[in-house]
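Engineer: Dropping in run-v3.csv, which is CSV, C-alpha atoms and all ligand atoms:
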chain,number,residue,atom,x,y,z
A,1,MET,CA,0.0,0.0,0.0
A,2,ILE,CA,1.2,3.5,-0.8
A,3,LYS,CA,0.9,6.2,1.8
A,4,LEU,CA,1.1,9.8,0.7
A,5,TYR,CA,2.1,12.3,3.4
A,6,TYR,CA,0.2,15.4,2.3
A,7,HIS,CA,-0.5,19.1,2.7
A,8,PRO,CA,-2.5,21.0,0.2
A,9,SER,CA,0.4,23.0,-1.2
A,10,PRO,CA,2.2,23.0,-4.6
A,11,ASN,CA,4.7,20.2,-4.1
A,12,PRO,CA,2.4,17.6,-2.5
A,13,ALA,CA,-0.4,18.4,-4.9
A,14,LYS,CA,1.7,17.1,-7.9
A,15,ILE,CA,1.9,13.7,-6.2
A,16,ALA,CA,-1.8,13.5,-5.5
A,17,LEU,CA,-2.4,14.4,-9.1
A,18,PHE,CA,-0.2,11.6,-10.3
A,19,LEU,CA,-1.9,9.1,-8.0
A,20,GLU,CA,-5.3,10.2,-9.1
A,21,GLU,CA,-4.3,10.0,-12.8
A,22,THR,CA,-3.0,6.5,-12.4
A,23,GLN,CA,-5.8,5.4,-9.9
A,24,LEU,CA,-3.1,3.7,-7.9
A,25,PRO,CA,-4.6,2.8,-4.5
A,26,TYR,CA,-3.2,5.0,-1.8
A,27,GLU,CA,-3.9,6.2,1.7
A,28,LEU,CA,-3.5,9.9,2.4
A,29,VAL,CA,-1.8,10.9,5.6
A,30,PRO,CA,-2.4,14.6,6.4
A,31,VAL,CA,0.6,16.6,7.6
A,32,ASP,CA,-0.5,19.9,8.9
A,33,THR,CA,2.6,22.0,8.4
A,34,ARG,CA,1.0,25.2,9.9
A,35,LYS,CA,0.7,23.2,13.1
A,36,GLY,CA,4.2,21.7,13.0
A,37,ASP,CA,3.4,18.1,12.1
A,38,GLN,CA,6.4,18.0,9.7
A,39,HIS,CA,8.7,18.2,12.8
A,40,LEU,CA,7.2,15.2,14.6
A,41,PRO,CA,9.6,12.3,15.0
A,42,ALA,CA,7.4,9.8,13.1
A,43,PHE,CA,7.4,12.1,10.1
A,44,LEU,CA,11.1,13.0,10.3
A,45,ALA,CA,11.9,9.2,10.2
A,46,ILE,CA,10.3,9.3,6.7
A,47,ASN,CA,11.5,12.7,5.6
A,48,PRO,CA,14.5,14.1,7.6
A,49,ASN,CA,14.0,17.3,5.6
A,50,ALA,CA,10.7,18.0,7.5
A,51,LYS,CA,8.7,19.0,4.4
A,52,THR,CA,5.8,17.6,2.4
A,53,PRO,CA,5.4,15.5,0.3
A,54,ALA,CA,6.8,12.2,1.3
A,55,LEU,CA,5.7,8.7,0.3
A,56,THR,CA,6.1,5.1,1.5
A,57,ASP,CA,5.3,2.1,-0.5
A,58,SER,CA,5.0,-1.2,1.3
A,59,GLU,CA,5.8,-3.0,-2.0
A,60,GLY,CA,9.6,-3.1,-1.8
A,61,ASP,CA,9.7,-1.2,1.5
A,62,ALA,CA,10.4,2.1,-0.3
A,63,VAL,CA,10.5,5.4,1.4
A,64,VAL,CA,10.9,8.5,-0.9
A,65,PHE,CA,10.8,12.2,-0.2
A,66,ASP,CA,11.0,15.3,-2.4
A,67,SER,CA,8.3,15.8,-5.0
A,68,THR,CA,10.6,15.3,-8.0
A,69,ALA,CA,12.0,12.1,-6.6
A,70,ILE,CA,8.5,10.8,-5.8
A,71,LEU,CA,7.1,11.7,-9.3
A,72,LEU,CA,10.0,9.8,-10.9
A,73,TYR,CA,9.6,6.9,-8.5
A,74,LEU,CA,5.9,6.6,-9.3
A,75,ALA,CA,6.4,7.1,-13.1
A,76,GLU,CA,9.0,4.3,-13.1
A,77,LYS,CA,7.0,2.1,-10.9
A,78,THR,CA,3.9,2.3,-13.1
A,79,GLY,CA,5.6,2.9,-16.5
A,80,GLN,CA,3.0,5.7,-17.0
A,81,PHE,CA,3.2,9.4,-18.0
A,82,LEU,CA,6.8,8.9,-19.2
A,83,PRO,CA,8.1,9.9,-22.7
A,84,PRO,CA,9.3,7.2,-25.1
A,85,ASN,CA,12.2,5.2,-23.7
A,86,THR,CA,14.9,6.7,-25.9
A,87,PRO,CA,18.0,8.5,-24.7
A,88,ALA,CA,16.9,11.7,-26.3
A,89,ALA,CA,13.4,11.8,-24.9
A,90,ARG,CA,14.7,10.7,-21.4
A,91,ALA,CA,17.3,13.4,-21.5
A,92,GLN,CA,14.6,16.1,-22.1
A,93,MET,CA,12.4,14.6,-19.4
A,94,LEU,CA,15.2,14.7,-16.8
A,95,SER,CA,16.3,18.2,-17.8
A,96,TRP,CA,12.8,19.7,-17.4
A,97,MET,CA,12.1,17.7,-14.2
A,98,MET,CA,15.3,19.1,-12.7
A,99,PHE,CA,14.5,22.6,-14.0
A,100,VAL,CA,11.2,22.5,-12.1
A,101,ALA,CA,12.9,21.0,-9.0
A,102,THR,CA,15.9,23.4,-8.8
A,103,GLY,CA,14.4,26.5,-10.6
A,104,ILE,CA,10.6,26.8,-10.6
A,105,GLY,CA,10.1,25.5,-7.1
A,106,PRO,CA,12.8,27.3,-5.2
A,107,TYR,CA,12.6,30.7,-7.0
A,108,SER,CA,8.7,30.7,-6.9
A,109,GLY,CA,8.9,29.7,-3.2
A,110,GLN,CA,11.4,32.4,-2.3
A,111,CYS,CA,9.5,35.0,-4.4
A,112,VAL,CA,6.3,34.2,-2.4
A,113,HIS,CA,8.3,34.4,0.8
A,114,PHE,CA,9.9,37.8,0.2
A,115,LYS,CA,6.8,39.4,-1.4
A,116,HIS,CA,4.3,38.2,1.1
A,117,PHE,CA,5.9,37.1,4.4
A,118,ALA,CA,9.4,38.5,4.9
A,119,PRO,CA,10.0,41.4,7.3
A,120,GLU,CA,11.5,44.7,6.0
A,121,PRO,CA,14.0,45.5,4.5
A,122,LYS,CA,13.3,43.3,1.6
A,123,ALA,CA,13.4,45.3,-1.7
A,124,TYR,CA,16.7,43.7,-2.8
A,125,ALA,CA,15.4,40.2,-2.2
A,126,VAL,CA,12.0,40.8,-3.8
A,127,ASN,CA,13.7,42.2,-6.9
A,128,ARG,CA,16.0,39.2,-7.2
A,129,TYR,CA,13.4,36.5,-6.7
A,130,ASP,CA,10.7,38.2,-8.7
A,131,PHE,CA,13.2,38.6,-11.6
A,132,GLU,CA,14.3,34.9,-11.3
A,133,ALA,CA,10.8,33.5,-10.9
A,134,TRP,CA,9.7,35.4,-14.0
A,135,ARG,CA,12.7,34.2,-16.0
A,136,HIS,CA,12.0,30.6,-15.1
A,137,TRP,CA,8.3,30.8,-15.8
A,138,GLN,CA,9.0,32.5,-19.2
A,139,LEU,CA,11.1,29.5,-20.2
A,140,ILE,CA,8.2,27.2,-19.4
A,141,ASP,CA,5.9,29.5,-21.4
A,142,ASP,CA,8.3,29.4,-24.3
A,143,GLN,CA,8.4,25.6,-24.2
A,144,LEU,CA,4.6,25.4,-24.1
A,145,ALA,CA,4.4,27.9,-27.0
A,146,LYS,CA,6.2,25.3,-29.2
A,147,HIS,CA,4.4,22.2,-28.0
A,148,ALA,CA,1.1,21.2,-26.5
A,149,TYR,CA,2.9,19.8,-23.5
A,150,MET,CA,6.3,20.2,-21.9
A,151,LEU,CA,7.8,17.2,-23.8
A,152,GLY,CA,5.9,17.5,-27.0
A,153,SER,CA,2.5,16.1,-27.9
A,154,GLU,CA,2.0,13.9,-24.9
A,155,TYR,CA,0.9,14.7,-21.3
A,156,THR,CA,3.7,13.5,-19.0
A,157,VAL,CA,5.0,13.6,-15.5
A,158,VAL,CA,6.7,17.0,-16.4
A,159,ASP,CA,3.4,18.6,-16.9
A,160,MET,CA,2.3,17.4,-13.5
A,161,ALA,CA,5.4,18.9,-12.0
A,162,VAL,CA,4.7,22.2,-13.7
A,163,TRP,CA,1.0,22.1,-12.7
A,164,GLY,CA,1.8,22.0,-9.0
A,165,TRP,CA,3.3,25.5,-9.0
A,166,ALA,CA,1.3,26.9,-12.0
A,167,ARG,CA,-1.8,27.0,-9.8
A,168,ALA,CA,0.0,29.6,-7.6
A,169,VAL,CA,1.3,31.9,-10.4
A,170,PRO,CA,-0.8,34.9,-9.6
A,171,PHE,CA,0.3,34.8,-6.0
A,172,ILE,CA,3.9,34.3,-7.0
A,173,LEU,CA,4.2,36.8,-9.9
A,174,GLY,CA,1.2,39.1,-9.4
A,175,PRO,CA,-2.5,39.3,-10.6
A,176,ASP,CA,-1.5,40.3,-14.2
A,177,ALA,CA,0.9,37.3,-14.7
A,178,TRP,CA,-1.4,35.3,-16.9
A,179,ALA,CA,-1.4,38.0,-19.6
A,180,LYS,CA,2.3,37.4,-20.1
A,181,LEU,CA,2.2,33.6,-19.7
A,182,PRO,CA,-0.7,32.5,-21.9
A,183,ASN,CA,0.7,29.1,-22.6
A,184,VAL,CA,1.2,28.2,-18.9
A,185,LYS,CA,-2.4,29.3,-18.4
A,186,ARG,CA,-3.6,27.0,-21.2
A,187,LEU,CA,-1.8,24.0,-19.7
A,188,LEU,CA,-3.1,24.9,-16.2
A,189,ASP,CA,-6.7,25.2,-17.4
A,190,GLU,CA,-6.4,21.9,-19.4
A,191,ILE,CA,-5.1,19.9,-16.5
A,192,ASN,CA,-7.5,21.6,-14.0
A,193,ALA,CA,-10.4,20.3,-16.2
A,194,ARG,CA,-9.2,16.7,-15.9
A,195,PRO,CA,-11.1,14.5,-13.5
A,196,ALA,CA,-7.9,13.6,-11.7
A,197,ALA,CA,-7.2,17.3,-10.9
A,198,GLN,CA,-10.7,17.7,-9.7
A,199,ARG,CA,-10.3,14.8,-7.3
A,200,THR,CA,-7.0,16.2,-6.2
A,201,GLU,CA,-8.7,19.6,-5.4
A,202,ALA,CA,-11.5,17.8,-3.5
A,203,ILE,CA,-8.9,16.4,-1.0
A,204,LYS,CA,-8.8,19.7,0.7
A,205,ALA,CA,-12.4,19.5,1.7
A,206,LYS,CA,-12.0,16.1,3.3
A,207,TYR,CA,-9.5,17.3,5.9
A,208,SER,CA,-9.3,20.3,8.1
A,209,PHE,CA,-5.9,21.7,7.5
A,210,LYS,CA,-5.1,24.9,9.4
A,211,THR,CA,-5.5,27.9,7.1
A,212,ASP,CA,-4.5,30.7,9.5
A,213,MET,CA,-1.0,32.1,9.0
A,214,ASP,CA,-1.0,33.2,12.6
A,215,GLU,CA,2.0,33.9,14.9
A,216,ALA,CA,2.4,30.2,15.8
A,217,ALA,CA,2.3,29.1,12.1
A,218,LEU,CA,4.9,31.8,11.1
A,219,LYS,CA,7.2,30.6,13.9
A,220,ILE,CA,6.9,27.0,12.7
A,221,LEU,CA,7.4,27.8,9.0
A,222,PHE,CA,10.1,30.5,9.4
A,223,PRO,CA,12.2,29.3,12.3
A,224,GLN,CA,15.1,31.5,11.0
A,225,ASN,CA,13.3,34.6,12.3
A,226,ALA,CA,14.1,33.6,15.9
A,227,ARG,CA,17.7,34.7,15.1
A,228,LEU,CA,16.7,38.3,14.1
A,229,PRO,CA,17.4,41.0,16.7
A,230,GLY,CA,14.5,42.1,19.0
A,301,LIG,N1,12.1,20.2,-2.6
A,301,LIG,C1,10.9,19.8,-1.9
A,301,LIG,C2,10.3,21.0,-1.2
A,301,LIG,C3,9.2,20.6,-0.3
A,301,LIG,C4,8.5,21.8,0.3
A,301,LIG,O1,9.0,22.9,0.4
A,301,LIG,N2,7.3,21.6,0.9
A,301,LIG,C5,6.5,22.6,1.5
A,301,LIG,C6,5.1,22.5,1.0
A,301,LIG,S1,5.0,23.0,-0.8
A,301,LIG,C7,6.5,22.3,3.0
A,301,LIG,O2,6.2,21.2,3.4
A,301,LIG,N3,6.7,23.3,3.8
A,301,LIG,C8,6.7,23.2,5.3
A,301,LIG,C9,7.9,23.8,5.9
A,301,LIG,O3,8.8,24.4,5.2
A,301,LIG,O4,8.1,23.7,7.2
A,301,LIG,C10,9.9,19.1,-2.8
A,301,LIG,O5,9.9,19.4,-4.0
A,301,LIG,O6,9.2,18.2,-2.3
Could you write out this structure as structure tokens?

Structural biologist:
Amino acid sequence: MIKLYYHPSPNPAKIALFLEETQLPYELVPVDTRKGDQHLPAFLAINPNAKTPALTDSEGDAVVFDSTAILLYLAEKTGQFLPPNTPAARAQMLSWMMFVATGIGPYSGQCVHFKHFAPEPKAYAVNRYDFEAWRHWQLIDDQLAKHAYMLGSEYTVVDMAVWGWARAVPFILGPDAWAKLPNVKRLLDEINARPAAQRTEAIKAKYSFKTDMDEAALKILFPQNARLPG
């Protein structure tokens, strides 16, 4: 049995989408990161990085954390949503998966942090991360201007990786972002209309995750602020 350690945020959502697309049986284990569940010893034993998502698979005793690793694990396990098994197609798949893992995710996440949550002064950081987040999203848009999907004419695991963060684009880049990223918006709308994405969205309603970003949640999510003076 697969267990998905889940919070309704961009990285875990990609995994729920994959599981819903493939209809693999799985049990969802809520991890309420605004309450600090990611720091509980039982979760740290699965993901020492204290972040969602993580996944265990009793078939083969597998434990896997980080959304990119999990997507690749599940795609290889099922043989689904992968490009043709040629060196050229696999090279493109790995390149774009790592681009999302090391570029889209971190720059979008830091852009959100500095725009919406960081204390002053922050103009330098907002400028850097907004610039880099835009640059990364523009490359995704350019790729999607050339092809229906990230790897060409087929919907693959790379599109699911992009979808996780694409849902948050207006919060990351601003309310006018879609005017400049029409191809990302097209992919987002297309995936959102899929039954698997609708089932993924419905997960939120089944669990009562904390939504308040109150003082306690800020302390848990941004522990580095304890080092700031006064
Ligand atoms: N590189 C990791 C990043 C995971 C991550 O940042 N997860 C967020 C949710 S999208 C989280 O659990 N944050 C809680 C925290 O930082 O304490 C991945 O792709 O899975």

Engineer: Within 8 Å of ligand LIG 301 (chain A), counting only C-alpha atoms and all ligand atoms, which protein or nucleic acid residues do you find, written as a short mmCIF file (atom, residue, chain, number, x, y, z; two decimals) with C-alpha atoms, in the frame of the given file?

Structural biologist:
data_model
loop_
_atom_site.label_atom_id
_atom_site.label_comp_id
_atom_site.auth_asym_id
_atom_site.auth_seq_id
_atom_site.Cartn_x
_atom_site.Cartn_y
_atom_site.Cartn_z
CA HIS A 7 -0.50 19.10 2.70
CA PRO A 8 -2.50 21.00 0.20
CA SER A 9 0.40 23.00 -1.20
CA PRO A 10 2.20 23.00 -4.60
CA ASN A 11 4.70 20.20 -4.10
CA PRO A 12 2.40 17.60 -2.50
CA THR A 33 2.60 22.00 8.40
CA ARG A 34 1.00 25.20 9.90
CA GLY A 36 4.20 21.70 13.00
CA GLN A 38 6.40 18.00 9.70
CA HIS A 39 8.70 18.20 12.80
CA ALA A 50 10.70 18.00 7.50
CA LYS A 51 8.70 19.00 4.40
CA THR A 52 5.80 17.60 2.40
CA PRO A 53 5.40 15.50 0.30
CA ALA A 54 6.80 12.20 1.30
CA PHE A 65 10.80 12.20 -0.20
CA ASP A 66 11.00 15.30 -2.40
CA SER A 67 8.30 15.80 -5.00
CA THR A 68 10.60 15.30 -8.00
CA ALA A 69 12.00 12.10 -6.60
CA ALA A 101 12.90 21.00 -9.00
CA THR A 102 15.90 23.40 -8.80
CA GLY A 105 10.10 25.50 -7.10
CA PRO A 106 12.80 27.30 -5.20
CA GLY A 109 8.90 29.70 -3.20
CA ILE A 220 6.90 27.00 12.70
CA LEU A 221 7.40 27.80 9.00
CA PHE A 222 10.10 30.50 9.40
#

Engineer: Determine the nearest neighbour of Gly152 (chain A) from the options A:Asp37, A:Leu228, A:Pro84, A:Leu4, counting all atoms listed in the file.

Structural biologist: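 Nearest to Gly152 (chain A): A:Pro84.
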
Engineer: For a quick check of understanding, using all atoms listed in the file, which of A:Ala89, A:Ala145, A:Ala179, A:Val112 has the smallest distance to Val126 (chain A)?

Structural biologist: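 So, comparing all the options, the nearest one is A:Val112.
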
Engineer: Nearest residue to Asp214 (chain A) out of A:Tyr73, A:Tyr5, A:Phe117, A:Phe18, using all atoms listed in the file?

Structural biologist: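 Going through A:Tyr73, A:Tyr5, A:Phe117, A:Phe18 one by one, the smallest distance to Asp214 (chain A) is for A:Phe117.
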
Engineer: Please measure the separation of CA of Lys115 (chain A) and CA of Ile172 (chain A), giving the value in Å to one decimal.

Structural biologist: 8.1 Å

Engineer: Would you work out the distance separating CA of Leu181 (chain A) from CA of Ala133 (chain A), expressed in Å to one decimal?

Structural biologist: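 CA of Ala133 (chain A) lies at a distance of 12.3 Å from CA of Leu181 (chain A).
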
Engineer: What does the distance between CA of Ala125 (chain A) and CA of Cys111 (chain A) come to in Å, to one decimal place?

Structural biologist: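 CA of Cys111 (chain A) lies at a distance of 8.2 Å from CA of Ala125 (chain A).
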
Engineer: Let me make sure I understand: among A:Pro87, A:Lys185, A:Asp176, A:Val100, which one has the smallest atom-to-atom distance to Asp141 (chain A) if we use all atoms listed in the file?

Structural biologist: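 Checking each candidate against Asp141 (chain A), we get A:Lys185 as the closest.
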
Engineer: Out of A:Ala148, A:Ala217, A:Leu82, A:Ala197, which residue has the shortest atom-to-atom distance to Gly164 (chain A) when counting only C-alpha atoms?

Structural biologist: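 For Gly164 (chain A), the nearest of the candidates is A:Ala197.
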
Engineer: Tell me which protein, DNA and RNA residues are within 8 Å of Val157 (chain A), counting only C-alpha atoms, leaving out same-chain ones fewer than 4 positions away, and put them as a list in words.

Structural biologist: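 Result of the neighbour search: Phe18, Leu71, Leu72, Ala75, Phe81, Leu82 and Ala161 of chain A.
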
Engineer: Save the residues we just selected, C-alpha atoms, as a short mmCIF file (atom, residue, chain, number, x, y, z; two decimals), in the frame of the given file?

Structural biologist:
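Result saved to result37.cif:
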data_model
loop_
_atom_site.label_atom_id
_atom_site.label_comp_id
_atom_site.auth_asym_id
_atom_site.auth_seq_id
_atom_site.Cartn_x
_atom_site.Cartn_y
_atom_site.Cartn_z
CA PHE A 18 -0.20 11.60 -10.30
CA LEU A 71 7.10 11.70 -9.30
CA LEU A 72 10.00 9.80 -10.90
CA ALA A 75 6.40 7.10 -13.10
CA PHE A 81 3.20 9.40 -18.00
CA LEU A 82 6.80 8.90 -19.20
CA ALA A 161 5.40 18.90 -12.00
#

Engineer: Which of these, A:Ala216, A:Ala123, A:Ile104, A:Leu24, has the shortest distance to Leu173 (chain A) once you count all atoms listed in the file?

Structural biologist: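 When distances to Leu173 (chain A) are compared using all atoms listed in the file, the smallest one comes from A:Ile104.
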
Engineer: Once you count all atoms listed in the file, what closest atom pair and distance in Å to one decimal does each residue of region 116-147 of chain A within 12 Å of region 96-99 of chain A have, with rows by chain and rising residue number, as JSON lines?

Structural biologist:
{"residue": "A:Ala133", "atom": "CA", "partner": "A:Phe99", "partner_atom": "CA", "distance": 11.9}
{"residue": "A:Arg135", "atom": "CA", "partner": "A:Phe99", "partner_atom": "CA", "distance": 11.9}
{"residue": "A:His136", "atom": "CA", "partner": "A:Phe99", "partner_atom": "CA", "distance": 8.5}
{"residue": "A:Trp137", "atom": "CA", "partner": "A:Phe99", "partner_atom": "CA", "distance": 10.4}
{"residue": "A:Leu139", "atom": "CA", "partner": "A:Phe99", "partner_atom": "CA", "distance": 9.9}
{"residue": "A:Ile140", "atom": "CA", "partner": "A:Trp96", "partner_atom": "CA", "distance": 9.0}
{"residue": "A:Gln143", "atom": "CA", "partner": "A:Trp96", "partner_atom": "CA", "distance": 10.0}

Engineer: Could you give me, as an mmCIF file with C-alpha atoms, in the frame of the given file, the residues within 10 Å of Leu151 (chain A), counting all atoms listed in the file and dropping anything in the same chain fewer than 2 positions from it?

Structural biologist:
data_model
loop_
_atom_site.group_PDB
_atom_site.id
_atom_site.type_symbol
_atom_site.label_atom_id
_atom_site.label_comp_id
_atom_site.auth_asym_id
_atom_site.auth_seq_id
_atom_site.Cartn_x
_atom_site.Cartn_y
_atom_site.Cartn_z
ATOM 1 C CA LEU A 82 6.800 8.900 -19.200
ATOM 2 C CA PRO A 83 8.100 9.900 -22.700
ATOM 3 C CA ALA A 89 13.400 11.800 -24.900
ATOM 4 C CA ARG A 90 14.700 10.700 -21.400
ATOM 5 C CA GLN A 92 14.600 16.100 -22.100
ATOM 6 C CA MET A 93 12.400 14.600 -19.400
ATOM 7 C CA TRP A 96 12.800 19.700 -17.400
ATOM 8 C CA GLN A 143 8.400 25.600 -24.200
ATOM 9 C CA LEU A 144 4.600 25.400 -24.100
ATOM 10 C CA LYS A 146 6.200 25.300 -29.200
ATOM 11 C CA HIS A 147 4.400 22.200 -28.000
ATOM 12 C CA ALA A 148 1.100 21.200 -26.500
ATOM 13 C CA TYR A 149 2.900 19.800 -23.500
ATOM 14 C CA SER A 153 2.500 16.100 -27.900
ATOM 15 C CA GLU A 154 2.000 13.900 -24.900
ATOM 16 C CA TYR A 155 0.900 14.700 -21.300
ATOM 17 C CA THR A 156 3.700 13.500 -19.000
ATOM 18 C CA VAL A 157 5.000 13.600 -15.500
ATOM 19 C CA VAL A 158 6.700 17.000 -16.400
ATOM 20 C CA ASP A 159 3.400 18.600 -16.900
#

Engineer: Show which residues sit within 9 Å of Thr22 (chain A), as a PyMOL selection string. Count all atoms listed in the file, and ignore same-chain residues fewer than 5 positions away.

Structural biologist: chain A and resi 17+78+80-81+196

Engineer: Provide an axis-aligned box for all listed atoms of region 19-31 of chain A, padding each side by 6 Å; report its centre and its edge lengths in Å to one decimal, as JSON.

Structural biologist:
{"center_x": -2.6, "center_y": 9.7, "center_z": -2.6, "size_x": 18.4, "size_y": 25.8, "size_z": 32.4}
